[in-house]
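Just work_15.txt here, compact mmCIF, C-alpha atoms:
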# COMPACT_ATOMS: atom_id res chain seq x y z
CA MET A 376 0.00 0.00 0.00
CA ASN A 377 1.30 3.47 -0.87
CA LYS A 378 2.11 5.83 1.94
CA TYR A 379 1.27 9.30 0.63
CA THR A 380 -0.64 8.92 -2.65
CA SER A 381 -2.46 6.29 -4.68
CA LEU A 382 -0.16 6.91 -7.65
CA GLY A 383 2.66 4.46 -6.99
CA LYS A 384 6.08 4.17 -5.41
CA GLU A 385 7.79 6.73 -7.65
CA VAL A 386 5.43 9.50 -6.57
CA ASP A 387 5.67 8.50 -2.91
CA LEU A 388 9.46 8.69 -3.06
CA GLU A 389 9.28 12.20 -4.48
CA ILE A 390 6.85 13.28 -1.77
CA GLN A 391 9.16 11.78 0.87
CA LYS A 392 12.05 13.87 -0.47
CA GLN A 393 9.91 16.99 -0.13
CA LEU A 394 8.90 16.04 3.39
CA ASP A 395 12.57 15.53 4.29
CA ILE A 396 13.06 19.19 3.39
CA VAL A 397 10.07 20.10 5.58
CA SER A 398 11.63 18.19 8.49
CA GLU A 399 15.04 19.78 7.95
CA GLU A 400 13.67 23.34 7.95
CA ILE A 401 11.48 22.74 11.00
CA ASN A 402 14.41 21.39 13.01
CA LYS A 403 16.60 24.38 12.12
CA ASP A 404 14.52 26.83 14.17
CA ILE A 405 12.22 24.80 16.39
CA LYS A 406 13.72 23.17 19.45
CA ASP A 407 12.73 19.91 21.11
CA VAL A 408 10.66 18.60 18.21
CA LYS A 409 9.08 15.34 19.33
CA SER A 410 7.26 14.43 16.15
CA ILE A 411 6.23 15.80 12.76
CA ILE A 412 2.99 14.46 11.32
CA ILE A 413 1.34 14.97 7.95
CA TYR A 414 -2.45 14.64 7.85
CA GLY A 415 -5.12 15.41 5.27
CA GLY A 416 -4.86 13.76 1.85
CA PHE A 417 -1.17 12.84 2.13
CA GLY A 418 -1.71 11.51 5.65
CA ARG A 419 -4.42 9.17 4.33
CA GLY A 420 -2.32 8.00 1.40
CA GLU A 421 -4.63 9.87 -0.97
CA GLY A 422 -2.68 13.04 -1.70
CA SER A 423 -3.24 14.83 -5.01
CA VAL A 424 -0.24 15.72 -7.14
CA LYS A 425 0.38 17.21 -10.55
CA LYS A 426 3.29 16.16 -12.77
CA ILE A 427 4.79 19.15 -14.56
CA LYS A 428 7.98 18.91 -16.64
CA GLY A 429 8.97 15.68 -14.91
CA LYS A 430 8.41 16.97 -11.36
CA TYR A 431 5.57 16.25 -8.95
CA TYR A 432 3.80 19.14 -7.23
CA PRO A 433 1.27 18.77 -4.41
CA ALA A 434 -2.11 20.31 -5.08
CA ASN A 435 -1.94 22.59 -3.30
CA ASP A 436 -0.39 22.07 0.15
CA PHE A 437 0.99 19.82 2.86
CA ASP A 438 -1.02 19.79 6.11
CA VAL A 439 1.55 19.29 8.86
CA TYR A 440 1.59 19.36 12.66
CA VAL A 441 4.86 19.72 14.55
CA ILE A 442 4.60 18.27 18.07
CA THR A 443 6.71 19.94 20.76
CA GLU A 444 7.07 20.22 24.54
CA ARG A 445 6.27 23.93 24.52
CA LYS A 446 4.14 26.10 22.25
CA VAL A 447 5.83 27.61 19.21
CA ASP A 448 5.24 31.19 18.09
CA GLY A 449 2.94 31.46 15.07
CA GLU A 450 5.25 33.90 13.27
CA LEU A 451 8.10 31.39 13.54
CA LEU A 452 5.88 28.69 12.00
CA ASP A 453 5.00 31.03 9.13
CA ASN A 454 8.67 31.78 8.47
CA VAL A 455 9.54 28.08 8.39
CA ALA A 456 6.63 27.43 6.00
CA LYS A 457 7.85 30.19 3.65
CA ARG A 458 11.39 28.78 3.62
CA VAL A 459 10.05 25.34 2.76
CA ALA A 460 8.06 26.77 -0.16
CA LEU A 461 11.14 28.54 -1.50
CA ARG A 462 13.29 25.40 -1.23
CA LEU A 463 10.68 23.46 -3.15
CA GLY A 464 10.78 26.01 -5.92
CA SER A 465 7.55 27.81 -5.04
CA LYS A 466 6.75 31.44 -4.38
CA GLY A 467 4.29 30.37 -1.70
CA ILE A 468 0.58 30.51 -2.29
CA GLU A 469 -1.01 33.91 -2.82
CA PHE A 470 -4.59 33.82 -1.63
CA ASN A 471 -7.19 35.74 -3.65
CA LYS A 472 -4.87 35.68 -6.69
CA PHE A 473 -6.08 32.53 -8.40
CA ASP A 474 -6.13 34.20 -11.81
CA LYS A 475 -5.37 32.74 -15.22
CA ASN A 476 -1.61 32.84 -14.53
CA TRP A 477 -1.85 30.60 -11.45
CA SER A 478 0.31 27.46 -11.49
CA PHE A 479 0.99 24.53 -9.17
CA GLU A 480 4.75 24.91 -9.32
CA ASP A 481 4.59 28.53 -8.14
CA ASN A 482 1.92 28.24 -5.48
CA PHE A 483 2.66 25.30 -3.20
CA TYR A 484 2.57 26.14 0.50
CA LEU A 485 3.07 24.37 3.81
CA ASP A 486 0.13 24.61 6.22
CA LEU A 487 2.20 24.25 9.38
CA LYS A 488 0.66 24.12 12.86
CA CYS A 489 1.98 23.25 16.30
CA LEU A 490 0.55 21.15 19.11
CA THR A 491 2.26 20.43 22.41
CA LEU A 492 2.31 16.99 24.00
CA ASP A 493 -0.07 18.30 26.66
CA GLU A 494 -2.46 19.70 24.05
CA LEU A 495 -2.63 16.34 22.29
CA LYS A 496 -4.25 14.87 25.40
CA LYS A 497 -6.96 17.55 25.43
CA LEU A 498 -8.05 17.65 21.79
CA VAL A 499 -11.79 17.75 21.15
CA PRO A 500 -13.39 15.36 18.60
CA MET A 501 -12.97 17.41 15.45
CA VAL A 502 -12.56 15.57 12.15
CA ARG A 503 -9.00 16.88 11.73
CA TYR A 504 -7.97 15.46 15.12
CA TYR A 505 -9.75 12.18 14.51
CA GLU A 506 -7.78 11.89 11.27
CA LEU A 507 -4.59 13.04 12.98
CA LYS A 508 -4.88 10.02 15.26
CA ASN A 509 -6.28 7.47 12.83
CA ALA A 510 -5.20 8.51 9.32
CA SER A 511 -1.87 10.32 9.30
CA ASN A 512 1.83 9.69 8.68
CA ILE A 513 4.70 10.45 11.05
CA PHE A 514 7.70 11.43 8.94
CA TYR A 515 9.98 12.56 11.77
CA GLY A 516 10.35 11.66 15.43
CA SER A 517 8.44 9.34 17.72
CA GLU A 518 4.91 7.97 17.97
CA VAL A 519 2.80 10.46 19.94
CA ARG A 520 -0.66 9.90 18.44
CA ASN A 521 -1.50 7.53 21.30
CA LEU A 522 -1.82 10.64 23.48
CA ILE A 523 -4.88 11.80 21.49
CA PRO A 524 -8.17 10.69 23.11
CA ASN A 525 -9.79 7.60 21.57
CA TYR A 526 -12.83 9.27 20.05
CA THR A 527 -15.26 7.27 17.95
CA ILE A 528 -17.29 8.33 14.94
CA ASN A 529 -20.28 8.82 17.23
CA ASP A 530 -18.33 11.42 19.23
CA ILE A 531 -17.77 13.71 16.22
CA PRO A 532 -20.30 16.57 16.35
CA LEU A 533 -22.50 17.26 13.32
CA GLY A 534 -21.08 20.76 13.47
CA GLU A 535 -18.05 19.31 11.72
CA GLY A 536 -20.19 18.59 8.68
CA PHE A 537 -21.51 22.13 8.74
CA ARG A 538 -17.95 23.46 8.94
CA PHE A 539 -16.92 21.45 5.86
CA LEU A 540 -19.92 22.66 3.88
CA LEU A 541 -19.48 26.30 4.87
CA ASN A 542 -15.81 26.13 3.89
CA ARG A 543 -16.63 24.71 0.44
CA MET A 544 -19.44 27.21 -0.03
CA THR A 545 -16.94 30.00 0.58
CA HIS A 546 -14.48 28.55 -1.94
CA LEU A 547 -17.12 28.21 -4.64
CA VAL A 548 -17.97 31.88 -4.28
CA GLU A 549 -14.46 33.22 -3.70
CA TYR A 550 -12.72 31.61 -6.66
CA PHE A 551 -15.36 32.21 -9.32
CA SER A 552 -15.14 35.36 -11.43
CA THR A 553 -18.19 36.60 -13.31
CA GLU A 554 -15.70 38.39 -15.58
CA GLY A 555 -13.93 35.13 -16.45
CA LYS A 556 -10.74 36.00 -14.56
CA HIS A 557 -10.72 32.76 -12.57
CA ASN A 558 -8.26 29.96 -13.21
CA ASN A 559 -10.04 26.88 -14.58
CA ILE A 560 -7.72 24.46 -12.79
CA VAL A 561 -8.39 26.03 -9.39
CA LEU A 562 -12.12 26.45 -9.97
CA GLY A 563 -12.48 22.86 -11.14
CA PHE A 564 -10.53 21.66 -8.11
CA PHE A 565 -12.85 23.44 -5.68
CA CYS A 566 -15.94 22.17 -7.47
CA VAL A 567 -14.59 18.64 -7.02
CA LYS A 568 -13.92 19.34 -3.35
CA ALA A 569 -17.51 20.52 -2.93
CA TYR A 570 -18.78 17.12 -4.08
CA ILE A 571 -16.26 15.24 -1.94
CA ASP A 572 -17.11 17.18 1.20
CA SER A 573 -20.84 16.86 0.47
CA CYS A 574 -20.16 13.16 0.87
CA THR A 575 -18.20 13.81 4.07
CA ALA A 576 -21.00 15.85 5.66
CA LEU A 577 -23.76 13.44 4.69
CA LEU A 578 -21.87 10.44 6.07
CA LEU A 579 -21.46 12.28 9.37
CA LEU A 580 -25.26 12.44 9.49
CA ASN A 581 -25.69 8.66 9.26
CA LYS A 582 -22.55 7.84 11.28
CA LYS A 583 -20.81 6.11 8.37
CA TYR A 584 -17.97 8.59 8.02
CA SER A 585 -14.50 7.20 7.26
CA PRO A 586 -11.20 9.13 7.08
CA SER A 587 -10.56 7.73 3.57
CA TYR A 588 -11.85 9.53 0.47
CA LYS A 589 -12.16 6.23 -1.37
CA LYS A 590 -13.96 4.45 1.47
CA ARG A 591 -16.36 7.36 1.90
CA MET A 592 -17.12 7.31 -1.81
CA GLU A 593 -17.80 3.57 -1.74
CA ASP A 594 -19.95 3.72 1.40
CA PHE A 595 -21.99 6.64 0.09
CA TYR A 596 -22.52 4.91 -3.24
CA GLU A 597 -24.00 1.93 -1.38
CA CYS A 598 -26.17 3.77 1.15
CA TYR A 599 -27.32 6.92 -0.67
CA LYS A 600 -30.71 5.77 -1.89
CA THR A 601 -31.72 3.99 1.33
CA ASP A 602 -30.24 6.40 3.90
CA PHE A 603 -31.09 9.69 2.17
CA PRO A 604 -34.26 9.03 0.11
CA GLU A 605 -35.47 12.65 0.28
CA LEU A 606 -32.20 13.98 -1.15
CA TYR A 607 -32.01 11.09 -3.62
CA ASN A 608 -35.36 12.12 -5.10
CA LYS A 609 -33.96 15.60 -5.77
CA LEU A 610 -30.46 14.56 -6.83
CA PRO A 611 -30.68 10.97 -8.09
CA ASP A 612 -27.18 11.03 -9.61
CA LEU A 613 -25.31 12.62 -6.69
CA HIS A 614 -23.61 9.35 -5.74
CA GLU A 615 -22.42 8.92 -9.33
CA LYS A 616 -20.92 12.40 -9.37
CA ILE A 617 -19.23 11.89 -6.02
CA LYS A 618 -17.70 8.66 -7.32
CA LYS A 619 -16.55 10.30 -10.54
CA TYR A 620 -14.94 13.31 -8.90
CA THR A 621 -13.38 11.40 -6.01
CA LEU A 622 -11.63 9.12 -8.50
CA TRP A 623 -10.57 12.19 -10.48
CA LYS A 624 -8.99 13.77 -7.39
CA LEU A 625 -7.12 10.58 -6.50
CA ASN A 626 -5.61 10.40 -10.01
CA TYR A 627 -5.58 14.11 -10.84
CA LYS A 628 -5.23 14.12 -14.61
CA GLY A 629 -6.63 16.84 -16.82
CA GLN A 630 -9.68 18.92 -15.89
CA PRO A 631 -12.65 17.28 -14.16
CA GLU A 632 -14.93 18.68 -16.86
CA GLU A 633 -14.23 20.41 -20.18
CA ASP A 634 -16.54 23.37 -19.56
CA ILE A 635 -15.53 24.56 -16.08
CA VAL A 636 -18.05 27.41 -15.91
CA LYS A 637 -20.89 25.03 -16.70
CA PHE A 638 -19.42 22.64 -14.12
CA TRP A 639 -19.42 25.42 -11.52
CA PHE A 640 -23.11 26.20 -12.06
CA GLU A 641 -24.00 22.51 -11.87
CA THR A 642 -21.95 22.13 -8.69
CA ARG A 643 -23.63 25.16 -7.17
CA LYS A 644 -27.08 23.74 -7.87
CA ASP A 645 -26.29 20.34 -6.35
CA PHE A 646 -24.37 21.79 -3.44
CA ILE A 647 -27.19 24.10 -2.37
CA GLU A 648 -29.54 21.10 -2.17
CA VAL A 649 -27.01 19.17 -0.08
CA VAL A 650 -26.51 22.08 2.32
CA LYS A 651 -30.27 22.63 2.72
CA PHE A 652 -30.76 18.92 3.42
CA PHE A 653 -27.89 18.78 5.90
CA MET A 654 -28.99 21.91 7.75
CA SER A 655 -32.57 20.59 7.99
CA ARG A 656 -31.27 17.50 9.78
CA PHE A 657 -28.71 19.42 11.81
CA THR A 658 -31.11 22.07 13.14
CA ASN A 659 -34.34 20.03 13.06
CA LYS A 660 -35.92 22.80 11.00
CA LYS A 661 -37.54 22.63 7.60
CA ILE A 662 -35.25 24.40 5.16
CA GLU A 663 -36.60 24.81 1.65
CA SER A 664 -35.39 28.17 0.38
CA LEU A 665 -32.15 30.11 0.39
CA ASP A 666 -33.72 32.52 2.87
CA ASP A 667 -34.46 29.58 5.17
CA LEU A 668 -30.86 28.43 4.80
CA SER A 669 -29.42 31.87 5.50
CA ASN A 670 -31.54 32.27 8.62
CA ALA A 671 -30.56 28.81 9.87
CA ILE A 672 -26.87 29.59 9.47
CA ILE A 673 -27.11 33.04 11.06
CA ASN A 674 -29.09 31.72 14.03
CA LEU A 675 -26.98 28.65 14.77
CA GLY A 676 -26.50 28.35 18.51
CA LYS A 677 -26.13 25.38 20.80
CA GLU A 678 -26.34 22.91 17.89
CA GLN A 679 -22.93 24.13 16.75
CA TYR A 680 -21.08 24.81 19.99
CA LEU A 681 -22.47 22.67 22.80
CA PRO A 682 -21.01 19.31 21.66
CA TYR A 683 -17.50 20.78 21.53
CA SER A 684 -17.85 22.54 24.90
CA LYS A 685 -18.74 19.26 26.60
CA PHE A 686 -15.43 17.68 25.57
CA PHE A 687 -13.48 20.89 26.23
CA LEU A 688 -14.75 21.07 29.81
CA LYS A 689 -13.97 17.41 30.40
CA ASN A 690 -10.48 17.46 28.86
CA ASN A 691 -9.31 20.81 30.23
CA LEU A 692 -11.15 21.22 33.53
CA ASN A 693 -12.22 17.66 34.34
CA ILE A 694 -15.84 18.81 34.44
CA SER A 695 -18.46 16.38 33.17
CA SER A 696 -21.59 17.80 31.55
CA LYS A 697 -24.69 16.30 29.96
Structure re-expressed in structure tokens:
Amino acid sequence: MNKYTSLGKEVDLEIQKQLDIVSEEINKDIKDVKSIIIYGGFGRGEGSVKKIKGKYYPANDFDVYVITERKVDGELLDNVAKRVALRLGSKGIEFNKFDKNWSFEDNFYLDLKCLTLDELKKLVPMVRYYELKNASNIFYGSEVRNLIPNYTINDIPLGEGFRFLLNRMTHLVEYFSTEGKHNNIVLGFFCVKAYIDSCTALLLLNKKYSPSYKKRMEDFYECYKTDFPELYNKLPDLHEKIKKYTLWKLNYKGQPEEDIVKFWFETRKDFIEVVKFFMSRFTNKKIESLDDLSNAIINLGKEQYLPYSKFFLKNNLNISSK
């Protein structure tokens, strides 16, 4: 089984070389590093890369946690991340500049965060921390993931699904230009991610979430019609699209669709229905229109925050709450 991608040993070896540079730069400035862990796509062995002129470029980042005894200053982390980008031949990603001149080779960046050993023991059941424990790769240092609490799928709040959907909604709006100034590669990528994270959010609803893109795709394909009949009646081919675009992301060749603008409008239509369905379940309110959806999002209260606060109080203050 491949470690970082589904594309074979050659690609994994190239990614390992890049991660060796990440490790080297981190250890130059950060003292007492206990472990360095990559999570996200490359942590799951499902990282997306683009081959350009014989070189492999991540699309579009590495998600990395450095584990230390004491907290590291955020500015120091940013400086390390910038040095890594430069050593890998990138300018570092420029947000809000995804225009027609955007390229993978120029815009790689390292999303570098720090957790202390003590903080690992107190993490709340967010999807990123569940994956950090159960679907990640240590590429420097010792095994520390055993310090993370043993949360189950049932412990992950539905607010995580909402967070994924809101994030993708923002990307669909932010990277589309009505004047045609957007970059088709970037826009197509975020449309694909909207379908993939629609799958993520829906599987959190029926407690069948898995940290693997491929496993989520397969599980959703099997359960869609029976577990989500109301949504299936509106979007009978959603599971087919999720399968198609998940496989595209894992292999990452060409554009997901020839007409990216048409693809964006189709994605928007499907995604709105998914978000309305999810929010109806999440808030126990009937959401049929965009006004209903906007009001539900604006008025989110205990549904979003209470599940996290319960674990925060228990892990940090040893206070149990119902």
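Atom CA of A:Tyr504 lies 21.0 Å from atom CA of A:Ala456.
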Out of A:Val408, A:Leu547, A:Ala576, A:Leu668, which residue has the shortest atom-to-atom distance to A:Val441 when counting all atoms listed in the file?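 Using all atoms listed in the file, A:Val441 sits closest to A:Val408.
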Can you tell me, as a PyMOL selection string, what residues are no more than 10 Å from A:Leu578 when counting all atoms listed in the file, ignoring any on the same chain fewer than 6 positions away? chain A and resi 533+536+572+584-585+591-592+594-595+598-599+602
Pick from A:Val499, A:Asp612, A:Pro524, A:Thr642, whichever lies nearest to A:Leu681 using all atoms listed in the file: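 Among the listed residues, A:Val499 lies closest to A:Leu681.
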For A:Gln393: contacts at 12 Å, only C-alpha atoms, fewer than 2 positions along chain excluded, given as a ChimeraX atom specification: /A:379,386-391,395-400,413,430-433,436-437,459-464,483-485,514
Those residues you just picked out, can you put them in a file as a short mmCIF file (atom, residue, chain, number, x, y, z; two decimals), keeping the file's coordinate frame with C-alpha atoms?
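The result, stored in selection-v2.cif:
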data_model
loop_
_atom_site.label_atom_id
_atom_site.label_comp_id
_atom_site.auth_asym_id
_atom_site.auth_seq_id
_atom_site.Cartn_x
_atom_site.Cartn_y
_atom_site.Cartn_z
CA TYR A 379 1.27 9.30 0.63
CA VAL A 386 5.43 9.50 -6.57
CA ASP A 387 5.67 8.50 -2.91
CA LEU A 388 9.46 8.69 -3.06
CA GLU A 389 9.28 12.20 -4.48
CA ILE A 390 6.85 13.28 -1.77
CA GLN A 391 9.16 11.78 0.87
CA ASP A 395 12.57 15.53 4.29
CA ILE A 396 13.06 19.19 3.39
CA VAL A 397 10.07 20.10 5.58
CA SER A 398 11.63 18.19 8.49
CA GLU A 399 15.04 19.78 7.95
CA GLU A 400 13.67 23.34 7.95
CA ILE A 413 1.34 14.97 7.95
CA LYS A 430 8.41 16.97 -11.36
CA TYR A 431 5.57 16.25 -8.95
CA TYR A 432 3.80 19.14 -7.23
CA PRO A 433 1.27 18.77 -4.41
CA ASP A 436 -0.39 22.07 0.15
CA PHE A 437 0.99 19.82 2.86
CA VAL A 459 10.05 25.34 2.76
CA ALA A 460 8.06 26.77 -0.16
CA LEU A 461 11.14 28.54 -1.50
CA ARG A 462 13.29 25.40 -1.23
CA LEU A 463 10.68 23.46 -3.15
CA GLY A 464 10.78 26.01 -5.92
CA PHE A 483 2.66 25.30 -3.20
CA TYR A 484 2.57 26.14 0.50
CA LEU A 485 3.07 24.37 3.81
CA PHE A 514 7.70 11.43 8.94
#
Which residues are close to A:Asn542, i.e. within 12 Å by all atoms listed in the file, leaving aside same-chain residues fewer than 4 positions away? Reply as a VMD selection string. chain A and resid 535 to 538 546 to 549 565 568 to 569 572 to 573 576 650
Compare A:Lys488, A:Lys618, A:Lys661, A:Lys624 by their minimum atom-to-atom distance to A:Leu452, counting only C-alpha atoms, and give me the closest one.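 Ranked by minimum distance to A:Leu452, first place goes to A:Lys488.
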Atom CA of A:Leu487 to atom CA of A:Ile523, straight-line distance in Å: 18.8 Å
Can you pull out every residue within 7 Å of A:Gly563, counting only C-alpha atoms, but drop anything in the same chain fewer than 2 positions away, and send it as a list in words? Asn559, Ile560, Val561, Phe565, Cys566, Val567, Gln630, Pro631 and Ile635 of chain A
For a test of reading the model, state the distance in Å between atom CA of A:Lys609 and atom CA of A:Ile672, rounded to one decimal.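 Interatomic distance here is 21.9 Å.
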Excluding A:Val447 and any residue of its chain fewer than 2 positions from it, enumerate the residues within 7 Å of it, using all atoms listed in the file, and give them as an MDAnalysis selection string. chainID A and resid 445 449 489
When distances are computed from only C-alpha atoms, which of A:Ser669, A:Gly420, A:Lys496, A:Tyr550 shows the smallest separation from A:Tyr526?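 Once distances to A:Tyr526 are computed over only C-alpha atoms, the minimum belongs to A:Lys496.
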Name the closest residue to A:Ala434 among the candidates A:Phe564, A:Thr601, A:Met654, A:Phe551; distances are taken between atoms, counting only C-alpha atoms.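 Under the stated criterion, the closest residue is A:Phe564.
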Six-sided padding of 4 Å per side, axis-aligned box over stretch 486-493 of chain A, centre and edges in Å, one decimal, as lines of an AutoDock Vina configuration file:
center_x = 1.1
center_y = 20.8
center_z = 16.4
size_x = 10.4
size_y = 15.6
size_z = 28.4
